[in-house]
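Encoded as structure tokens, the structure appears first; notes follow it.
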Amino acid sequence: MSKLDYKLLQALATVIKDQSFERAANSLFITQSAVSQRIKQLEQNIAQPVLIRSQPLRATEVGKKLIKHYHQVMQLEAELLPNIYPDNPQSPLTIHLATNADSLATWLIPAIAPTIKNNLIEINMLVADEQHTIEKLKDGEAFGAISLQDKPIKGCQMTKLGDLNYILVSSPEFRDTYFKKGINSETLRSAPGIAFDQRDNMHVRFIEEHFGLKEGDYPLHAMRSSEAFVAMAKHGAAFCLVAELQIKDELATGELINILPDYKLVETLYWHHWVLLKGVHKKISDVIIEQGQNVLD
């Protein structure tokens, strides 16, 4: 059985990360043809496909295992080399981390910023709905994921972070325009809301649970940005379900108002990560747990 060639694994991991053979070639400082040849050689070596050439580009099941293995080996190497060559700075270690947009917009950056400043690393944030971040960990694209899943996956550990409370808000102008007669199934039919993307069903679940309306019964924007949620609401263009932690100032000034104060949605977040963590990966994992548990309810 032939040994793994890590240049080939690097090409696969980079193509998946950059979602482009051309961008992967630029990242690796080789030609696009060379990237393709490395992927082809890897598939020949293991006698099966590692990449599904679709949009978006996806790794096969064995490809996912190889990417996960590659990232774990890079982690171990990054921790070893500074001890061998203490006087020669190494290239930055890329940390792949999956998070929901709301954590990224509130508490996550303050948690990891000191570690970023004190270590030669670069962060690759893989942002997805909190119900789907765990897929990035399963696929080997990230070493850890902030997720709603309350059970650990094989080969990983899980820690409860806490609760993130969501409330339904709008600008006073929006409320006066759409909800003069209160919030009910009829007034909601013409009031535009916001979802994170087509896979995000948080808003849909909330409206259906409390008002019986299904997706498609009312206008719904799709925006992959927690900051955009708040901006749309502040400008009176939509109402939205948003993390209360994110809009404390807007609520205090009255720029945004809680239009359904008797109801809220509570999402419990968990931190999942590889069992074997060392060095910078462990530092980042530890501060995520510490800060998450301090900030979340």
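Quick note on naming: the chains in the structure tokens go A, B, ... in the order shown, residues restart at 1 in each chain, and ligands are numbered from 1 in order of appearance.
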Could you go through stretch 173-257 of chain A and tell me which residues DSSP, when run on the backbone, assigns to helix (DSSP H, G or I), listing them as a PDB file with N, CA and C atoms, in the first residue's frame?
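Output saved as states_16.pdb:
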ATOM      1  N   GLU A 173     -41.037  52.858  12.993  1.00  0.00           N
ATOM      2  CA  GLU A 173     -41.691  53.190  11.726  1.00  0.00           C
ATOM      3  C   GLU A 173     -42.299  51.950  11.083  1.00  0.00           C
ATOM      4  N   PHE A 174     -41.550  50.858  11.067  1.00  0.00           N
ATOM      5  CA  PHE A 174     -42.035  49.620  10.464  1.00  0.00           C
ATOM      6  C   PHE A 174     -43.254  49.106  11.225  1.00  0.00           C
ATOM      7  N   ARG A 175     -43.177  49.130  12.536  1.00  0.00           N
ATOM      8  CA  ARG A 175     -44.315  48.665  13.341  1.00  0.00           C
ATOM      9  C   ARG A 175     -45.570  49.480  13.032  1.00  0.00           C
ATOM     10  N   ASP A 176     -45.404  50.802  12.950  1.00  0.00           N
ATOM     11  CA  ASP A 176     -46.563  51.663  12.700  1.00  0.00           C
ATOM     12  C   ASP A 176     -47.129  51.466  11.298  1.00  0.00           C
ATOM     13  N   THR A 177     -46.275  51.050  10.356  1.00  0.00           N
ATOM     14  CA  THR A 177     -46.727  50.847   8.976  1.00  0.00           C
ATOM     15  C   THR A 177     -47.450  49.513   8.813  1.00  0.00           C
ATOM     16  N   TYR A 178     -46.905  48.446   9.375  1.00  0.00           N
ATOM     17  CA  TYR A 178     -47.416  47.107   9.111  1.00  0.00           C
ATOM     18  C   TYR A 178     -48.248  46.514  10.249  1.00  0.00           C
ATOM     19  N   SER A 185     -51.784  36.740  12.040  1.00  0.00           N
ATOM     20  CA  SER A 185     -51.568  36.039  10.780  1.00  0.00           C
ATOM     21  C   SER A 185     -51.925  36.888   9.568  1.00  0.00           C
ATOM     22  N   GLU A 186     -52.864  37.820   9.722  1.00  0.00           N
ATOM     23  CA  GLU A 186     -53.253  38.666   8.601  1.00  0.00           C
ATOM     24  C   GLU A 186     -52.235  39.777   8.352  1.00  0.00           C
ATOM     25  N   THR A 187     -51.827  40.479   9.414  1.00  0.00           N
ATOM     26  CA  THR A 187     -50.885  41.583   9.219  1.00  0.00           C
ATOM     27  C   THR A 187     -49.505  41.081   8.795  1.00  0.00           C
ATOM     28  N   LEU A 188     -49.145  39.860   9.204  1.00  0.00           N
ATOM     29  CA  LEU A 188     -47.842  39.314   8.845  1.00  0.00           C
ATOM     30  C   LEU A 188     -47.743  38.962   7.358  1.00  0.00           C
ATOM     31  N   MET A 202     -35.037  29.213  11.149  1.00  0.00           N
ATOM     32  CA  MET A 202     -35.324  29.762  12.463  1.00  0.00           C
ATOM     33  C   MET A 202     -36.532  30.699  12.413  1.00  0.00           C
ATOM     34  N   HIS A 203     -36.481  31.658  11.479  1.00  0.00           N
ATOM     35  CA  HIS A 203     -37.584  32.608  11.342  1.00  0.00           C
ATOM     36  C   HIS A 203     -38.864  31.873  10.945  1.00  0.00           C
ATOM     37  N   VAL A 204     -38.726  30.944  10.002  1.00  0.00           N
ATOM     38  CA  VAL A 204     -39.887  30.186   9.524  1.00  0.00           C
ATOM     39  C   VAL A 204     -40.519  29.398  10.658  1.00  0.00           C
ATOM     40  N   ARG A 205     -39.693  28.727  11.458  1.00  0.00           N
ATOM     41  CA  ARG A 205     -40.218  27.943  12.590  1.00  0.00           C
ATOM     42  C   ARG A 205     -40.947  28.832  13.590  1.00  0.00           C
ATOM     43  N   PHE A 206     -40.366  29.995  13.862  1.00  0.00           N
ATOM     44  CA  PHE A 206     -40.938  30.897  14.855  1.00  0.00           C
ATOM     45  C   PHE A 206     -42.321  31.400  14.406  1.00  0.00           C
ATOM     46  N   ILE A 207     -42.415  31.857  13.165  1.00  0.00           N
ATOM     47  CA  ILE A 207     -43.671  32.397  12.660  1.00  0.00           C
ATOM     48  C   ILE A 207     -44.737  31.301  12.556  1.00  0.00           C
ATOM     49  N   GLU A 208     -44.320  30.110  12.117  1.00  0.00           N
ATOM     50  CA  GLU A 208     -45.287  29.021  12.006  1.00  0.00           C
ATOM     51  C   GLU A 208     -45.784  28.574  13.378  1.00  0.00           C
ATOM     52  N   GLU A 209     -44.880  28.509  14.343  1.00  0.00           N
ATOM     53  CA  GLU A 209     -45.259  28.069  15.688  1.00  0.00           C
ATOM     54  C   GLU A 209     -46.260  29.011  16.332  1.00  0.00           C
ATOM     55  N   HIS A 210     -46.039  30.323  16.178  1.00  0.00           N
ATOM     56  CA  HIS A 210     -46.863  31.291  16.902  1.00  0.00           C
ATOM     57  C   HIS A 210     -48.040  31.832  16.094  1.00  0.00           C
ATOM     58  N   PHE A 211     -47.971  31.741  14.756  1.00  0.00           N
ATOM     59  CA  PHE A 211     -49.029  32.350  13.940  1.00  0.00           C
ATOM     60  C   PHE A 211     -49.594  31.418  12.869  1.00  0.00           C
ATOM     61  N   SER A 226     -25.648  38.648   9.835  1.00  0.00           N
ATOM     62  CA  SER A 226     -26.379  39.121  11.007  1.00  0.00           C
ATOM     63  C   SER A 226     -26.414  40.641  11.057  1.00  0.00           C
ATOM     64  N   GLU A 227     -25.315  41.265  10.616  1.00  0.00           N
ATOM     65  CA  GLU A 227     -25.270  42.729  10.587  1.00  0.00           C
ATOM     66  C   GLU A 227     -26.299  43.288   9.615  1.00  0.00           C
ATOM     67  N   ALA A 228     -26.505  42.585   8.491  1.00  0.00           N
ATOM     68  CA  ALA A 228     -27.500  43.022   7.513  1.00  0.00           C
ATOM     69  C   ALA A 228     -28.907  42.916   8.079  1.00  0.00           C
ATOM     70  N   PHE A 229     -29.162  41.905   8.909  1.00  0.00           N
ATOM     71  CA  PHE A 229     -30.456  41.801   9.574  1.00  0.00           C
ATOM     72  C   PHE A 229     -30.750  43.094  10.331  1.00  0.00           C
ATOM     73  N   VAL A 230     -29.778  43.491  11.136  1.00  0.00           N
ATOM     74  CA  VAL A 230     -29.967  44.666  11.986  1.00  0.00           C
ATOM     75  C   VAL A 230     -30.099  45.922  11.137  1.00  0.00           C
ATOM     76  N   ALA A 231     -29.279  46.049  10.109  1.00  0.00           N
ATOM     77  CA  ALA A 231     -29.334  47.232   9.248  1.00  0.00           C
ATOM     78  C   ALA A 231     -30.686  47.334   8.548  1.00  0.00           C
ATOM     79  N   MET A 232     -31.196  46.231   8.031  1.00  0.00           N
ATOM     80  CA  MET A 232     -32.505  46.233   7.377  1.00  0.00           C
ATOM     81  C   MET A 232     -33.599  46.658   8.350  1.00  0.00           C
ATOM     82  N   ALA A 233     -33.541  46.137   9.560  1.00  0.00           N
ATOM     83  CA  ALA A 233     -34.553  46.490  10.556  1.00  0.00           C
ATOM     84  C   ALA A 233     -34.445  47.960  10.959  1.00  0.00           C
ATOM     85  N   LYS A 234     -33.235  48.441  11.173  1.00  0.00           N
ATOM     86  CA  LYS A 234     -33.043  49.837  11.578  1.00  0.00           C
ATOM     87  C   LYS A 234     -33.525  50.810  10.512  1.00  0.00           C
ATOM     88  N   GLU A 244     -30.764  38.887  20.932  1.00  0.00           N
ATOM     89  CA  GLU A 244     -30.903  40.046  21.820  1.00  0.00           C
ATOM     90  C   GLU A 244     -29.545  40.610  22.205  1.00  0.00           C
ATOM     91  N   LEU A 245     -28.564  39.742  22.339  1.00  0.00           N
ATOM     92  CA  LEU A 245     -27.206  40.150  22.690  1.00  0.00           C
ATOM     93  C   LEU A 245     -26.629  41.114  21.665  1.00  0.00           C
ATOM     94  N   GLN A 246     -27.052  40.996  20.417  1.00  0.00           N
ATOM     95  CA  GLN A 246     -26.486  41.795  19.333  1.00  0.00           C
ATOM     96  C   GLN A 246     -27.043  43.218  19.285  1.00  0.00           C
ATOM     97  N   ILE A 247     -28.209  43.450  19.860  1.00  0.00           N
ATOM     98  CA  ILE A 247     -28.892  44.741  19.662  1.00  0.00           C
ATOM     99  C   ILE A 247     -29.207  45.448  20.977  1.00  0.00           C
ATOM    100  N   LYS A 248     -28.382  45.239  21.983  1.00  0.00           N
ATOM    101  CA  LYS A 248     -28.620  45.892  23.274  1.00  0.00           C
ATOM    102  C   LYS A 248     -28.669  47.408  23.144  1.00  0.00           C
ATOM    103  N   ASP A 249     -27.750  47.989  22.381  1.00  0.00           N
ATOM    104  CA  ASP A 249     -27.705  49.451  22.227  1.00  0.00           C
ATOM    105  C   ASP A 249     -28.932  49.959  21.490  1.00  0.00           C
ATOM    106  N   GLU A 250     -29.315  49.271  20.406  1.00  0.00           N
ATOM    107  CA  GLU A 250     -30.480  49.703  19.621  1.00  0.00           C
ATOM    108  C   GLU A 250     -31.764  49.614  20.430  1.00  0.00           C
ATOM    109  N   LEU A 251     -31.873  48.601  21.277  1.00  0.00           N
ATOM    110  CA  LEU A 251     -33.046  48.484  22.142  1.00  0.00           C
ATOM    111  C   LEU A 251     -33.052  49.593  23.192  1.00  0.00           C
ATOM    112  N   ALA A 252     -31.876  49.913  23.719  1.00  0.00           N
ATOM    113  CA  ALA A 252     -31.782  50.953  24.757  1.00  0.00           C
ATOM    114  C   ALA A 252     -32.161  52.330  24.218  1.00  0.00           C
ATOM    115  N   THR A 253     -31.790  52.616  22.969  1.00  0.00           N
ATOM    116  CA  THR A 253     -32.083  53.934  22.382  1.00  0.00           C
ATOM    117  C   THR A 253     -33.470  53.997  21.758  1.00  0.00           C
TER     118      THR A 253
END
Check your understanding: Could you pull the residues within 10 Å of stretch 135-143 of chain A, counting only C-alpha atoms, minus those fewer than 5 positions along the same chain, as a ChimeraX atom specification?
Key -> /A:13,16-17,58-72,75,95-99,124-128,153-156,272-277,281,285
Please save C-alpha atoms of the selected residues as a PDB file, in the first residue's frame.
ATOM      1  CA  ALA A  13      -7.946  20.649   0.948  1.00  0.00           C
ATOM      2  CA  ILE A  16     -12.342  22.668  -1.193  1.00  0.00           C
ATOM      3  CA  LYS A  17     -11.444  25.705   0.933  1.00  0.00           C
ATOM      4  CA  ARG A  58     -17.561  18.915  -2.679  1.00  0.00           C
ATOM      5  CA  ALA A  59     -15.297  16.210  -1.349  1.00  0.00           C
ATOM      6  CA  THR A  60     -16.397  12.588  -1.527  1.00  0.00           C
ATOM      7  CA  GLU A  61     -16.675  10.634   1.718  1.00  0.00           C
ATOM      8  CA  VAL A  62     -13.089   9.406   1.393  1.00  0.00           C
ATOM      9  CA  GLY A  63     -12.054  12.920   0.348  1.00  0.00           C
ATOM     10  CA  LYS A  64     -13.554  14.294   3.562  1.00  0.00           C
ATOM     11  CA  LYS A  65     -11.565  11.770   5.607  1.00  0.00           C
ATOM     12  CA  LEU A  66      -8.349  12.737   3.811  1.00  0.00           C
ATOM     13  CA  ILE A  67      -8.979  16.468   4.363  1.00  0.00           C
ATOM     14  CA  LYS A  68      -9.638  15.909   8.051  1.00  0.00           C
ATOM     15  CA  HIS A  69      -6.458  13.845   8.354  1.00  0.00           C
ATOM     16  CA  TYR A  70      -4.461  16.531   6.514  1.00  0.00           C
ATOM     17  CA  HIS A  71      -5.659  19.305   8.829  1.00  0.00           C
ATOM     18  CA  GLN A  72      -4.870  17.224  11.915  1.00  0.00           C
ATOM     19  CA  GLN A  75      -1.893  20.983  13.456  1.00  0.00           C
ATOM     20  CA  ILE A  95      -7.272  27.573  11.779  1.00  0.00           C
ATOM     21  CA  HIS A  96     -10.551  26.385  10.251  1.00  0.00           C
ATOM     22  CA  LEU A  97     -13.510  27.171  12.492  1.00  0.00           C
ATOM     23  CA  ALA A  98     -17.253  26.750  11.809  1.00  0.00           C
ATOM     24  CA  THR A  99     -19.620  29.216  13.439  1.00  0.00           C
ATOM     25  CA  ASN A 124     -10.721  30.740   8.185  1.00  0.00           C
ATOM     26  CA  MET A 125     -14.276  31.323   9.423  1.00  0.00           C
ATOM     27  CA  LEU A 126     -16.784  28.926   7.884  1.00  0.00           C
ATOM     28  CA  VAL A 127     -20.112  30.650   8.493  1.00  0.00           C
ATOM     29  CA  ALA A 128     -23.343  28.665   8.306  1.00  0.00           C
ATOM     30  CA  ILE A 153     -20.169  13.105  16.945  1.00  0.00           C
ATOM     31  CA  LYS A 154     -17.704  10.261  16.537  1.00  0.00           C
ATOM     32  CA  GLY A 155     -14.120  11.291  17.245  1.00  0.00           C
ATOM     33  CA  CYS A 156     -15.113  14.638  18.770  1.00  0.00           C
ATOM     34  CA  HIS A 272     -17.824  20.528  19.180  1.00  0.00           C
ATOM     35  CA  HIS A 273     -14.144  19.865  18.443  1.00  0.00           C
ATOM     36  CA  TRP A 274     -11.617  17.176  17.640  1.00  0.00           C
ATOM     37  CA  VAL A 275     -10.673  14.993  20.596  1.00  0.00           C
ATOM     38  CA  LEU A 276      -6.951  15.533  20.002  1.00  0.00           C
ATOM     39  CA  LEU A 277      -6.197  19.234  20.403  1.00  0.00           C
ATOM     40  CA  HIS A 281      -6.052  24.822  18.517  1.00  0.00           C
ATOM     41  CA  SER A 285     -11.027  25.920  21.966  1.00  0.00           C
TER      42      SER A 285
END
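The two atoms in question, atom CA of A:Ser190 and atom CA of A:Pro219, are spaced 6.7 Å apart.
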Practice item. Find the residues around A:Ala243 up to 8 Å (only C-alpha atoms counted), leave out those fewer than 4 positions away in its own chain, and share them as number ranges by chain. Key: A: 102, 164-167, 247
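Checking A:Leu28, A:Ile259, A:Ala222, A:Leu161 one by one against A:Gly193, counting only C-alpha atoms, you find the shortest gap at A:Ala222.
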Who sits within 7 Å of A:Ser147, only C-alpha atoms, same chain under 2 positions skipped, as a tab-separated table (two decimals) with C-alpha atoms, in the first residue's frame:
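Contents of result-v6.tsv, freshly written:
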chain	number	residue	atom	x	y	z
A	130	GLU	CA	-26.20	26.96	13.52
A	131	GLN	CA	-28.05	23.80	12.47
A	133	THR	CA	-22.13	24.16	11.11
A	134	ILE	CA	-21.67	20.64	12.45
A	145	ALA	CA	-17.97	24.03	15.28
A	149	GLN	CA	-26.48	19.65	18.09
A	269	LEU	CA	-25.30	26.43	21.58
A	270	TYR	CA	-22.66	23.71	21.90
A	271	TRP	CA	-18.97	23.66	21.02
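The two atoms in question, atom CA of A:Leu213 and atom CA of A:Lys264, are spaced 17.1 Å apart.
Straight-line separation from atom CA of A:Thr31 to atom CA of A:Leu12: 14.2 Å.
Counting only C-alpha atoms and comparing A:Ala24, A:Ala238, A:Thr268, A:His221, the residue that lies closest to A:Gln293 is A:Thr268.
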Practice item. If you run DSSP over the backbone, which residues in stretch 58-283 of chain A end up strand (DSSP E)? Put them as a PyMOL selection string. Key: chain A and resi 58-59+93-99+121-127+144-147+156-170+193-195+220-222+240-243+257-258+265-274
Review point. Which is closer to A:Ser171 than all the others in A:Val50, A:Met158, A:Cys240, A:Leu220, using only C-alpha atoms?
Key: A:Cys240
Check your understanding: Between A:Gly279, A:Leu57, A:Glu290, A:Ile183, which one has atoms that come closest to A:Asp18, using only C-alpha atoms?
Key -> A:Leu57
